[in-house]
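*Asks:* Data: query35.pdb, PDB, C-alpha atoms.
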```pdb
ATOM      1  CA  MET K 219      20.792 -96.626 155.652
ATOM      2  CA  ALA K 220      20.510 -92.854 156.250
ATOM      3  CA  ALA K 221      22.443 -90.337 158.315
ATOM      4  CA  ILE K 222      21.232 -87.233 160.158
ATOM      5  CA  ASN K 223      22.695 -83.814 159.393
ATOM      6  CA  PHE K 224      23.009 -82.326 162.886
ATOM      7  CA  MET K 225      23.151 -78.754 161.533
ATOM      8  CA  THR K 226      19.885 -78.936 159.571
ATOM      9  CA  GLY K 227      18.163 -81.856 161.256
ATOM     10  CA  LEU K 228      17.462 -83.420 157.868
ATOM     11  CA  THR K 229      17.978 -87.054 157.060
ATOM     12  CA  VAL K 230      20.331 -87.604 154.134
ATOM     13  CA  PRO K 231      21.493 -90.781 152.394
ATOM     14  CA  ASN K 232      24.622 -92.346 153.869
ATOM     15  CA  SER K 233      26.535 -92.078 150.551
ATOM     16  CA  ILE K 234      25.994 -88.318 150.418
ATOM     17  CA  ALA K 235      27.171 -87.970 154.012
ATOM     18  CA  VAL K 236      30.313 -89.946 153.249
ATOM     19  CA  LEU K 237      30.946 -87.854 150.132
ATOM     20  CA  GLY K 238      30.508 -84.629 152.081
ATOM     21  CA  LEU K 239      32.825 -85.843 154.829
ATOM     22  CA  ALA K 240      35.451 -86.907 152.284
ATOM     23  CA  THR K 241      35.217 -83.554 150.512
ATOM     24  CA  SER K 242      35.641 -81.695 153.797
ATOM     25  CA  VAL K 243      38.648 -83.807 154.780
ATOM     26  CA  ILE K 244      40.279 -83.362 151.365
ATOM     27  CA  GLY K 245      39.647 -79.615 151.394
ATOM     28  CA  LEU K 246      41.018 -79.228 154.911
ATOM     29  CA  SER K 247      44.060 -81.357 154.037
ATOM     30  CA  ALA K 248      44.708 -79.235 150.939
ATOM     31  CA  VAL K 249      44.580 -76.024 152.979
ATOM     32  CA  ILE K 250      46.932 -77.467 155.615
ATOM     33  CA  PHE K 251      49.309 -78.705 152.918
ATOM     34  CA  LEU K 252      49.401 -75.365 151.076
ATOM     35  CA  ARG K 253      49.800 -73.428 154.308
ATOM     36  CA  PHE K 254      52.443 -75.505 156.075
ATOM     37  CA  PHE K 255      53.990 -78.101 153.730
ATOM     38  CA  TYR K 256      53.783 -76.519 150.258
ATOM     39  CA  VAL K 257      56.391 -73.849 151.022
ATOM     40  CA  ASP K 258      60.094 -74.683 151.285
ATOM     41  CA  PHE K 259      60.307 -73.377 154.870
ATOM     42  CA  ARG K 260      58.003 -71.489 157.182
ATOM     43  CA  LYS K 261      58.093 -67.712 157.345
ATOM     44  CA  ILE K 262      60.581 -66.116 159.735
ATOM     45  CA  ASP K 263      59.146 -64.686 162.930
ATOM     46  CA  GLY K 264      59.926 -61.031 163.586
ATOM     47  CA  ILE K 265      60.186 -60.000 159.920
ATOM     48  CA  PRO K 266      57.066 -58.301 158.499
ATOM     49  CA  GLU K 267      55.292 -60.008 155.608
ATOM     50  CA  ILE K 268      53.703 -58.261 152.638
ATOM     51  CA  PRO K 269      49.918 -58.674 153.102
ATOM     52  CA  ASN K 270      47.346 -60.186 150.737
ATOM     53  CA  GLY K 271      49.523 -63.018 149.497
ATOM     54  CA  ASP K 272      47.872 -65.664 147.322
ATOM     55  CA  LEU K 273      47.602 -69.145 148.833
ATOM     56  CA  LEU K 274      49.210 -70.806 145.830
ATOM     57  CA  ALA K 275      51.303 -68.119 144.080
ATOM     58  CA  GLY K 276      52.156 -66.065 147.157
ATOM     59  CA  HIS K 277      53.134 -62.514 146.175
ATOM     60  CA  LEU K 278      54.317 -63.482 142.692
ATOM     61  CA  TYR K 279      51.437 -61.801 140.877
ATOM     62  CA  GLN K 280      51.800 -58.646 142.986
ATOM     63  CA  LEU K 281      55.453 -58.360 141.961
ATOM     64  CA  GLY K 282      54.451 -58.184 138.297
ATOM     65  CA  ASP K 283      57.095 -57.681 135.612
ATOM     66  CA  ASP K 284      59.080 -54.971 137.436
ATOM     67  CA  HIS K 285      60.169 -56.347 140.794
ATOM     68  CA  ALA K 286      62.373 -53.369 141.661
ATOM     69  CA  THR K 287      59.623 -50.782 141.207
ATOM     70  CA  ARG K 288      57.109 -52.888 143.131
ATOM     71  CA  SER K 289      59.596 -53.294 145.983
ATOM     72  CA  GLU K 290      60.104 -49.530 146.060
ATOM     73  CA  THR K 291      56.319 -49.061 146.218
ATOM     74  CA  TRP K 292      56.065 -51.481 149.132
ATOM     75  CA  THR K 293      58.844 -49.648 150.949
ATOM     76  CA  ASN K 294      57.140 -46.286 150.493
ATOM     77  CA  THR K 295      53.808 -47.780 151.586
ATOM     78  CA  TYR K 296      54.877 -49.750 154.652
ATOM     79  CA  GLY K 297      58.216 -48.142 155.540
ATOM     80  CA  TRP K 298      59.920 -51.500 156.135
ATOM     81  CA  PRO K 299      63.679 -51.668 155.377
ATOM     82  CA  ILE K 300      63.383 -55.454 155.344
ATOM     83  CA  PHE K 301      60.406 -57.717 154.705
ATOM     84  CA  GLN K 302      59.561 -61.201 153.520
ATOM     85  CA  LEU K 303      57.397 -62.370 150.664
ATOM     86  CA  ARG K 304      56.533 -65.668 149.016
ATOM     87  CA  MET K 305      57.244 -66.431 145.363
ATOM     88  CA  GLY K 306      55.252 -69.582 144.714
ATOM     89  CA  ARG K 307      56.472 -72.142 147.212
ATOM     90  CA  ARG K 308      59.636 -70.237 148.129
ATOM     91  CA  TRP K 309      59.949 -67.591 150.806
ATOM     92  CA  ALA K 310      62.267 -64.687 150.001
ATOM     93  CA  ILE K 311      63.773 -61.962 152.175
ATOM     94  CA  MET K 312      63.895 -58.488 150.609
ATOM     95  CA  LEU K 313      66.689 -56.227 151.886
ATOM     96  CA  ASN K 314      65.441 -52.824 150.842
ATOM     97  CA  SER K 315      67.923 -50.454 152.462
ATOM     98  CA  PHE K 316      71.685 -50.032 152.629
ATOM     99  CA  GLU K 317      71.792 -50.535 156.396
ATOM    100  CA  ALA K 318      69.744 -53.737 156.204
ATOM    101  CA  ALA K 319      71.948 -55.103 153.420
ATOM    102  CA  ARG K 320      75.125 -54.296 155.345
ATOM    103  CA  GLU K 321      73.761 -55.876 158.530
ATOM    104  CA  TRP K 322      72.736 -59.091 156.788
ATOM    105  CA  ILE K 323      75.310 -59.552 154.048
ATOM    106  CA  ILE K 324      78.464 -57.899 155.417
ATOM    107  CA  LYS K 325      78.308 -58.166 159.204
ATOM    108  CA  ASN K 326      76.740 -61.638 159.181
ATOM    109  CA  GLN K 327      78.145 -63.002 155.946
ATOM    110  CA  SER K 328      79.189 -66.304 157.516
ATOM    111  CA  ALA K 329      75.555 -66.983 158.463
ATOM    112  CA  THR K 330      73.978 -65.817 155.193
ATOM    113  CA  LEU K 331      76.477 -67.404 152.795
ATOM    114  CA  ASP K 332      74.427 -70.201 151.235
ATOM    115  CA  ARG K 333      75.204 -71.821 147.907
ATOM    116  CA  PRO K 334      73.101 -74.941 147.366
ATOM    117  CA  TRP K 335      74.254 -77.659 145.004
ATOM    118  CA  PHE K 336      71.978 -78.213 141.988
ATOM    119  CA  HIS K 337      72.298 -81.464 140.058
ATOM    120  CA  THR K 338      71.642 -80.084 136.562
ATOM    121  CA  PHE K 339      73.826 -76.956 136.790
ATOM    122  CA  HIS K 340      76.655 -78.111 139.051
ATOM    123  CA  GLY K 341      76.571 -81.844 138.384
ATOM    124  CA  VAL K 342      75.997 -81.895 134.615
ATOM    125  CA  ILE K 343      76.758 -78.516 133.010
ATOM    126  CA  SER K 344      79.698 -77.480 135.208
ATOM    127  CA  ALA K 345      81.270 -80.912 134.881
ATOM    128  CA  THR K 346      82.304 -80.059 131.317
ATOM    129  CA  SER K 347      81.969 -76.262 131.229
ATOM    130  CA  ALA K 348      83.375 -74.282 134.138
ATOM    131  CA  ALA K 349      81.034 -72.194 136.256
ATOM    132  CA  THR K 350      82.026 -68.879 137.828
ATOM    133  CA  ILE K 351      83.134 -68.444 141.420
ATOM    134  CA  GLY K 352      79.836 -66.792 142.256
ATOM    135  CA  THR K 353      77.796 -69.768 141.027
ATOM    136  CA  SER K 354      79.953 -72.521 142.518
ATOM    137  CA  PRO K 355      78.813 -74.327 145.684
ATOM    138  CA  TRP K 356      80.551 -73.145 148.848
ATOM    139  CA  ASP K 357      83.272 -75.700 149.518
ATOM    140  CA  GLU K 358      87.040 -75.877 149.943
ATOM    141  CA  ARG K 359      87.552 -75.597 146.179
ATOM    142  CA  THR K 360      85.618 -72.322 146.028
ATOM    143  CA  LYS K 361      87.477 -70.966 149.077
ATOM    144  CA  LYS K 362      90.777 -71.749 147.342
ATOM    145  CA  GLN K 363      89.648 -69.956 144.183
ATOM    146  CA  ARG K 364      88.600 -66.892 146.187
ATOM    147  CA  ARG K 365      92.021 -66.766 147.863
ATOM    148  CA  VAL K 366      93.726 -66.777 144.475
ATOM    149  CA  VAL K 367      91.468 -64.035 143.100
ATOM    150  CA  GLY K 368      92.048 -61.998 146.246
ATOM    151  CA  SER K 369      95.800 -62.087 145.652
ATOM    152  CA  PHE K 370      95.296 -60.537 142.183
ATOM    153  CA  THR K 371      92.885 -57.820 143.355
ATOM    154  CA  THR K 372      94.738 -56.325 146.320
ATOM    155  CA  GLY K 373      95.698 -52.649 146.380
ATOM    156  CA  PRO K 374      99.348 -53.203 145.378
ATOM    157  CA  SER K 375      98.296 -55.587 142.587
ATOM    158  CA  ILE K 376      95.846 -53.060 141.148
ATOM    159  CA  GLN K 377      98.528 -50.341 141.339
ATOM    160  CA  LYS K 378     100.672 -52.448 139.031
ATOM    161  CA  LEU K 379      97.882 -52.186 136.443
ATOM    162  CA  ARG K 380      97.805 -48.384 136.595
ATOM    163  CA  ASN K 381      99.418 -47.929 133.178
ATOM    164  CA  MET K 382      96.874 -50.268 131.586
ATOM    165  CA  LEU K 383      93.981 -48.420 133.246
ATOM    166  CA  ASP K 384      95.340 -45.053 132.078
ATOM    167  CA  MET K 385      95.819 -46.316 128.524
ATOM    168  CA  GLU K 386      92.315 -47.786 128.194
ATOM    169  CA  THR K 387      90.630 -44.742 129.758
ATOM    170  CA  CYS K 388      92.564 -42.402 127.465
ATOM    171  CA  ALA K 389      91.682 -44.570 124.451
ATOM    172  CA  MET K 390      87.965 -44.409 125.310
ATOM    173  CA  ILE K 391      87.918 -40.619 125.768
ATOM    174  CA  SER K 392      90.027 -40.076 122.648
ATOM    175  CA  ALA K 393      87.756 -42.279 120.531
ATOM    176  CA  ILE K 394      84.631 -40.458 121.730
ATOM    177  CA  TYR K 395      86.293 -37.086 121.053
ATOM    178  CA  TYR K 396      87.417 -37.851 117.495
ATOM    179  CA  ASP K 397      84.435 -39.985 116.425
ATOM    180  CA  SER K 398      82.093 -37.177 117.461
ATOM    181  CA  GLN K 399      84.177 -34.681 115.456
ATOM    182  CA  LYS K 400      85.216 -32.880 118.633
ATOM    183  CA  GLY K 401      81.652 -32.915 119.926
ATOM    184  CA  SER K 402      79.949 -31.559 116.813
ATOM    185  CA  ASN K 403      78.268 -34.863 115.850
ATOM    186  CA  ASP K 404      75.915 -36.959 117.951
ATOM    187  CA  ILE K 405      77.089 -40.498 118.648
ATOM    188  CA  MET K 406      75.871 -43.423 120.729
ATOM    189  CA  PRO K 407      78.575 -43.757 123.390
ATOM    190  CA  HIS K 408      77.669 -47.215 124.691
ATOM    191  CA  ILE K 409      80.113 -49.118 122.496
ATOM    192  CA  TYR K 410      83.077 -47.154 123.901
ATOM    193  CA  PRO K 411      82.698 -48.090 127.585
ATOM    194  CA  LYS K 412      81.878 -51.613 126.426
ATOM    195  CA  ARG K 413      85.245 -51.716 124.664
ATOM    196  CA  LEU K 414      86.883 -50.203 127.754
ATOM    197  CA  ALA K 415      85.364 -52.869 130.002
ATOM    198  CA  LEU K 416      86.187 -55.707 127.626
ATOM    199  CA  ASN K 417      89.757 -54.495 127.042
ATOM    200  CA  LEU K 418      90.419 -54.141 130.763
ATOM    201  CA  MET K 419      89.223 -57.660 131.482
ATOM    202  CA  THR K 420      90.844 -59.306 128.452
ATOM    203  CA  MET K 421      94.144 -57.530 129.179
ATOM    204  CA  PHE K 422      93.890 -58.493 132.844
ATOM    205  CA  CYS K 423      92.933 -62.102 132.206
ATOM    206  CA  TYR K 424      94.279 -62.996 128.761
ATOM    207  CA  GLY K 425      96.727 -60.281 127.660
ATOM    208  CA  THR K 426      94.878 -59.027 124.569
ATOM    209  CA  ARG K 427      92.893 -55.924 123.624
ATOM    210  CA  PHE K 428      90.885 -54.351 120.770
ATOM    211  CA  SER K 429      92.127 -51.100 119.237
ATOM    212  CA  THR K 430      88.932 -50.019 117.460
ATOM    213  CA  THR K 431      85.211 -50.205 118.076
ATOM    214  CA  THR K 432      84.724 -51.565 114.552
ATOM    215  CA  ASP K 433      86.940 -54.589 115.159
ATOM    216  CA  PRO K 434      84.919 -57.571 113.825
ATOM    217  CA  MET K 435      86.041 -59.765 116.707
ATOM    218  CA  LEU K 436      84.982 -57.126 119.259
ATOM    219  CA  LEU K 437      81.542 -56.836 117.667
ATOM    220  CA  GLN K 438      81.227 -60.607 117.577
ATOM    221  CA  ILE K 439      82.064 -60.912 121.277
ATOM    222  CA  LEU K 440      79.601 -58.203 122.235
ATOM    223  CA  SER K 441      76.833 -59.747 120.127
ATOM    224  CA  ASP K 442      77.091 -63.463 120.895
ATOM    225  CA  ALA K 443      79.307 -63.594 124.013
ATOM    226  CA  SER K 444      81.959 -65.755 122.356
ATOM    227  CA  THR K 445      84.779 -66.944 124.584
ATOM    228  CA  ILE K 446      88.311 -65.699 123.995
ATOM    229  CA  ALA K 447      91.183 -67.507 125.697
ATOM    230  CA  ARG K 448      94.791 -66.324 125.737
ATOM    231  CA  LYS K 449      97.364 -66.000 128.467
ATOM    232  CA  SER K 450      98.152 -63.372 131.074
ATOM    233  CA  VAL K 451      96.621 -64.042 134.452
ATOM    234  CA  ALA K 452      95.932 -67.477 132.979
ATOM    235  CA  ALA K 453      99.652 -67.938 132.378
ATOM    236  CA  MET K 454     100.501 -66.846 135.919
ATOM    237  CA  LEU K 455      97.944 -69.235 137.363
ATOM    238  CA  LEU K 456      99.299 -72.119 135.309
ATOM    239  CA  THR K 457     102.999 -71.452 135.933
ATOM    240  CA  ASP K 458     102.920 -70.183 139.545
ATOM    241  CA  ASN K 459     100.388 -72.619 140.931
ATOM    242  CA  GLN K 460     100.983 -72.590 144.684
ATOM    243  CA  GLU K 461      97.361 -73.424 145.499
ATOM    244  CA  GLY K 462      97.318 -76.611 143.416
ATOM    245  CA  LEU K 463      94.660 -75.364 141.012
ATOM    246  CA  THR K 464      93.312 -77.580 138.263
ATOM    247  CA  GLN K 465      92.539 -76.321 134.750
ATOM    248  CA  LEU K 466      88.836 -76.340 135.666
ATOM    249  CA  ASP K 467      89.631 -74.108 138.670
ATOM    250  CA  ILE K 468      91.498 -71.684 136.408
ATOM    251  CA  LYS K 469      88.606 -71.599 133.930
ATOM    252  CA  THR K 470      86.248 -70.864 136.810
ATOM    253  CA  ILE K 471      88.437 -68.019 138.109
ATOM    254  CA  LEU K 472      88.865 -66.423 134.683
ATOM    255  CA  GLY K 473      85.180 -66.835 133.870
ATOM    256  CA  GLY K 474      84.228 -65.098 137.103
ATOM    257  CA  LEU K 475      86.654 -62.242 136.509
ATOM    258  CA  MET K 476      85.455 -61.752 132.940
ATOM    259  CA  SER K 477      81.718 -61.839 133.638
ATOM    260  CA  GLY K 478      81.787 -59.828 136.855
ATOM    261  CA  GLY K 479      84.419 -57.349 135.713
ATOM    262  CA  PHE K 480      82.843 -56.672 132.332
ATOM    263  CA  GLU K 481      79.409 -55.874 133.799
ATOM    264  CA  THR K 482      80.778 -53.762 136.663
ATOM    265  CA  VAL K 483      83.251 -51.698 134.626
ATOM    266  CA  PHE K 484      80.738 -51.071 131.830
ATOM    267  CA  SER K 485      77.953 -49.867 134.145
ATOM    268  CA  THR K 486      80.389 -47.693 136.110
ATOM    269  CA  ALA K 487      81.725 -46.110 132.908
ATOM    270  CA  ILE K 488      78.198 -45.390 131.634
ATOM    271  CA  ILE K 489      77.292 -43.668 134.915
ATOM    272  CA  ALA K 490      80.541 -41.658 134.832
ATOM    273  CA  ILE K 491      79.867 -40.463 131.266
ATOM    274  CA  GLY K 492      76.315 -39.517 132.206
ATOM    275  CA  VAL K 493      77.472 -37.493 135.211
ATOM    276  CA  LEU K 494      80.288 -35.780 133.310
ATOM    277  CA  SER K 495      77.921 -34.811 130.485
ATOM    278  CA  THR K 496      75.727 -32.744 132.828
ATOM    279  CA  ALA K 497      76.301 -29.099 133.704
ATOM    280  CA  GLU K 498      77.549 -30.124 137.150
ATOM    281  CA  GLY K 499      80.031 -32.501 135.563
TER     282      GLY K 499
END
```
Show how you would write the structure in this file as C-alpha cells.
*Replies:*
Amino acid sequence: MAAINFMTGLTVPNSIAVLGLATSVIGLSAVIFLRFFYVDFRKIDGIPEIPNGDLLAGHLYQLGDDHATRSETWTNTYGWPIFQLRMGRRWAIMLNSFEAAREWIIKNQSATLDRPWFHTFHGVISATSAATIGTSPWDERTKKQRRVVGSFTTGPSIQKLRNMLDMETCAMISAIYYDSQKGSNDIMPHIYPKRLALNLMTMFCYGTRFSTTTDPMLLQILSDASTIARKSVAAMLLTDNQEGLTQLDIKTILGGLMSGGFETVFSTAIIAIGVLSTAEG
C-alpha cells in the first residue's frame, strides 16, 4: 500500500512514509529534550544570556581554557554586570561586578546559600576524612562549626595574636633582607610569604612553626600538602567544648582554617611585596 506526500504530490511506499514520520518525531523529540529537559533548570527570566550557545555544550566551548579572560571580554562587549550562560547541561550565573556580587552574595546570602549533598564526596570521602566548612552541606552541624570559628576570628581574638603576627612578619622581612645580601642578590621571594602563611596558620591552629625556609618538613608540606596535626586551637576546641563538637567537627574546622588561611595570607603577602617593590611603594 502507498501513501501520498502532500507537499510534493508524489506517491511513496508506506514503509518510507512511516520511516520519515518516525525520523521527524525522533528529531523533534530530541530538540525538545535538549531545549527543555536536558538542562538542570530553565534559564532565569530577566537576566541576559550570552548569545550563540551550542545546543549540547552550551557556552562551554566559548569559555575556552581561560574563563576569567573570556568573562572580561563578554563584559566589555555587552556591558552586563550579571549574565547567565550554560556549561553543558548546567546553567550558571556570572556575577561580573562588585555591586552585583554584593547584591547577590552579601545582601541576599540567605537566598543564595546553597550547598547540595553529593553522595561520593560527602557520603563516602568525608565519612572517613573530614571536609572543610566551605565544602560541607548546609545543616545544623555546619552552622555550629561556623559559630565556633567566628568566636576565634573576632576583633578581640585577633588582637590577642598581634605578637605572633608581628613576629612572623618580621621573620619574613628579615629573611628576605639577609638572604638577598641586603638587596644585592636576586632571589625568588615566593617561599618567604609561603612560610609566613604556613607559620601563621600552623601557629594559630596547631601551635608550631618553621624557623627557616630550608626546613625539610616545610619543603615537604609545600610540595605534597602533607597534614600536620598538633595542638593549639585544636587543644582549646577539645578542652573547652561548649558546642558539643565531635572530633570530626574539629578536623573540619581546622582543615577549613588551614586551607582558607594559607591561600589568603600567601596571596595577600605576594601582592604586598609586589606593591612595596615599586617606586610608589
*Asks:* Extract, using only C-alpha atoms, all DNA, RNA and protein residues at most 8 Å from range 270-279 of chain K, discarding same-chain residues fewer than 5 positions from it, and format them as a VMD selection string.
*Replies:* chain K and resid 252 to 253 303 to 307
*Asks:* Name all residues at most 10 Å from range 483-488 of chain K (count only C-alpha atoms; drop same-chain ones fewer than 4 positions away) and give them as a ChimeraX atom specification.
*Replies:* /K:387,390,407-416,418-419,478-479,492-494
*Asks:* With all atoms listed in the file as the counted atoms, please give the residues lying no more than 9 Å from range 391-394 of chain K, apart from itself and same-chain residues fewer than 2 positions off, as a list in words.
*Replies:* Glu386, Thr387, Cys388, Ala389, Tyr396, Asp397, Ser398, Gln399, Lys400, Gly401, Ile405, Pro407, Tyr410, Thr430 and Thr431 of chain K
*Asks:* Hey, which of K:Ile250, K:Pro355, K:Asn314, K:Met385 ends up closest to Thr287 in chain K? Count only C-alpha atoms.
*Replies:*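 With only C-alpha atoms as the atom set, the closest residue is K:Asn314.
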*Asks:* When the PyMOL selection byres ((chain K and resi 259) around 12) is applied to the file above, which residues end up in the set, as a list in words?
*Replies:*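 What the PyMOL selection byres ((chain K and resi 259) around 12) grabs from the file is Leu252, Arg253, Phe254, Phe255, Tyr256, Val257, Asp258, Arg260, Lys261, Ile262, Asp263, Arg304, Gly306, Arg307, Arg308, Trp309 and Ala310 of chain K.
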*Asks:* What is the distance, in Å and to one decimal place, between CA of Pro299 in chain K and CA of Ile311 in chain K?
*Replies:*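 These atoms are spaced 10.8 Å apart.
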*Asks:* Report as a PyMOL selection string the residues that result from applying the PyMOL selection byres ((chain K and resi 292) around 12) to the structure here.
*Replies:* chain K and resi 266-269+277+280-281+285-291+293-303+312-314
*Asks:* CA of Thr360 in chain K to CA of Thr420 in chain K: how many Å, to one decimal?
*Replies:* 22.5 Å
*Asks:* What does the distance between CA of Ser402 in chain K and CA of Met382 in chain K come to in Å, to one decimal place?
*Replies:*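 Between CA of Ser402 in chain K and CA of Met382 in chain K the gap is 29.2 Å.
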*Asks:* Return the single residue from K:Gln363, K:Ser247, K:Glu317, K:Ile265 that is closest to Lys469 in chain K, with distances computed using only C-alpha atoms.
*Replies:*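 The shortest atom-to-atom distance to Lys469 in chain K comes from K:Gln363.
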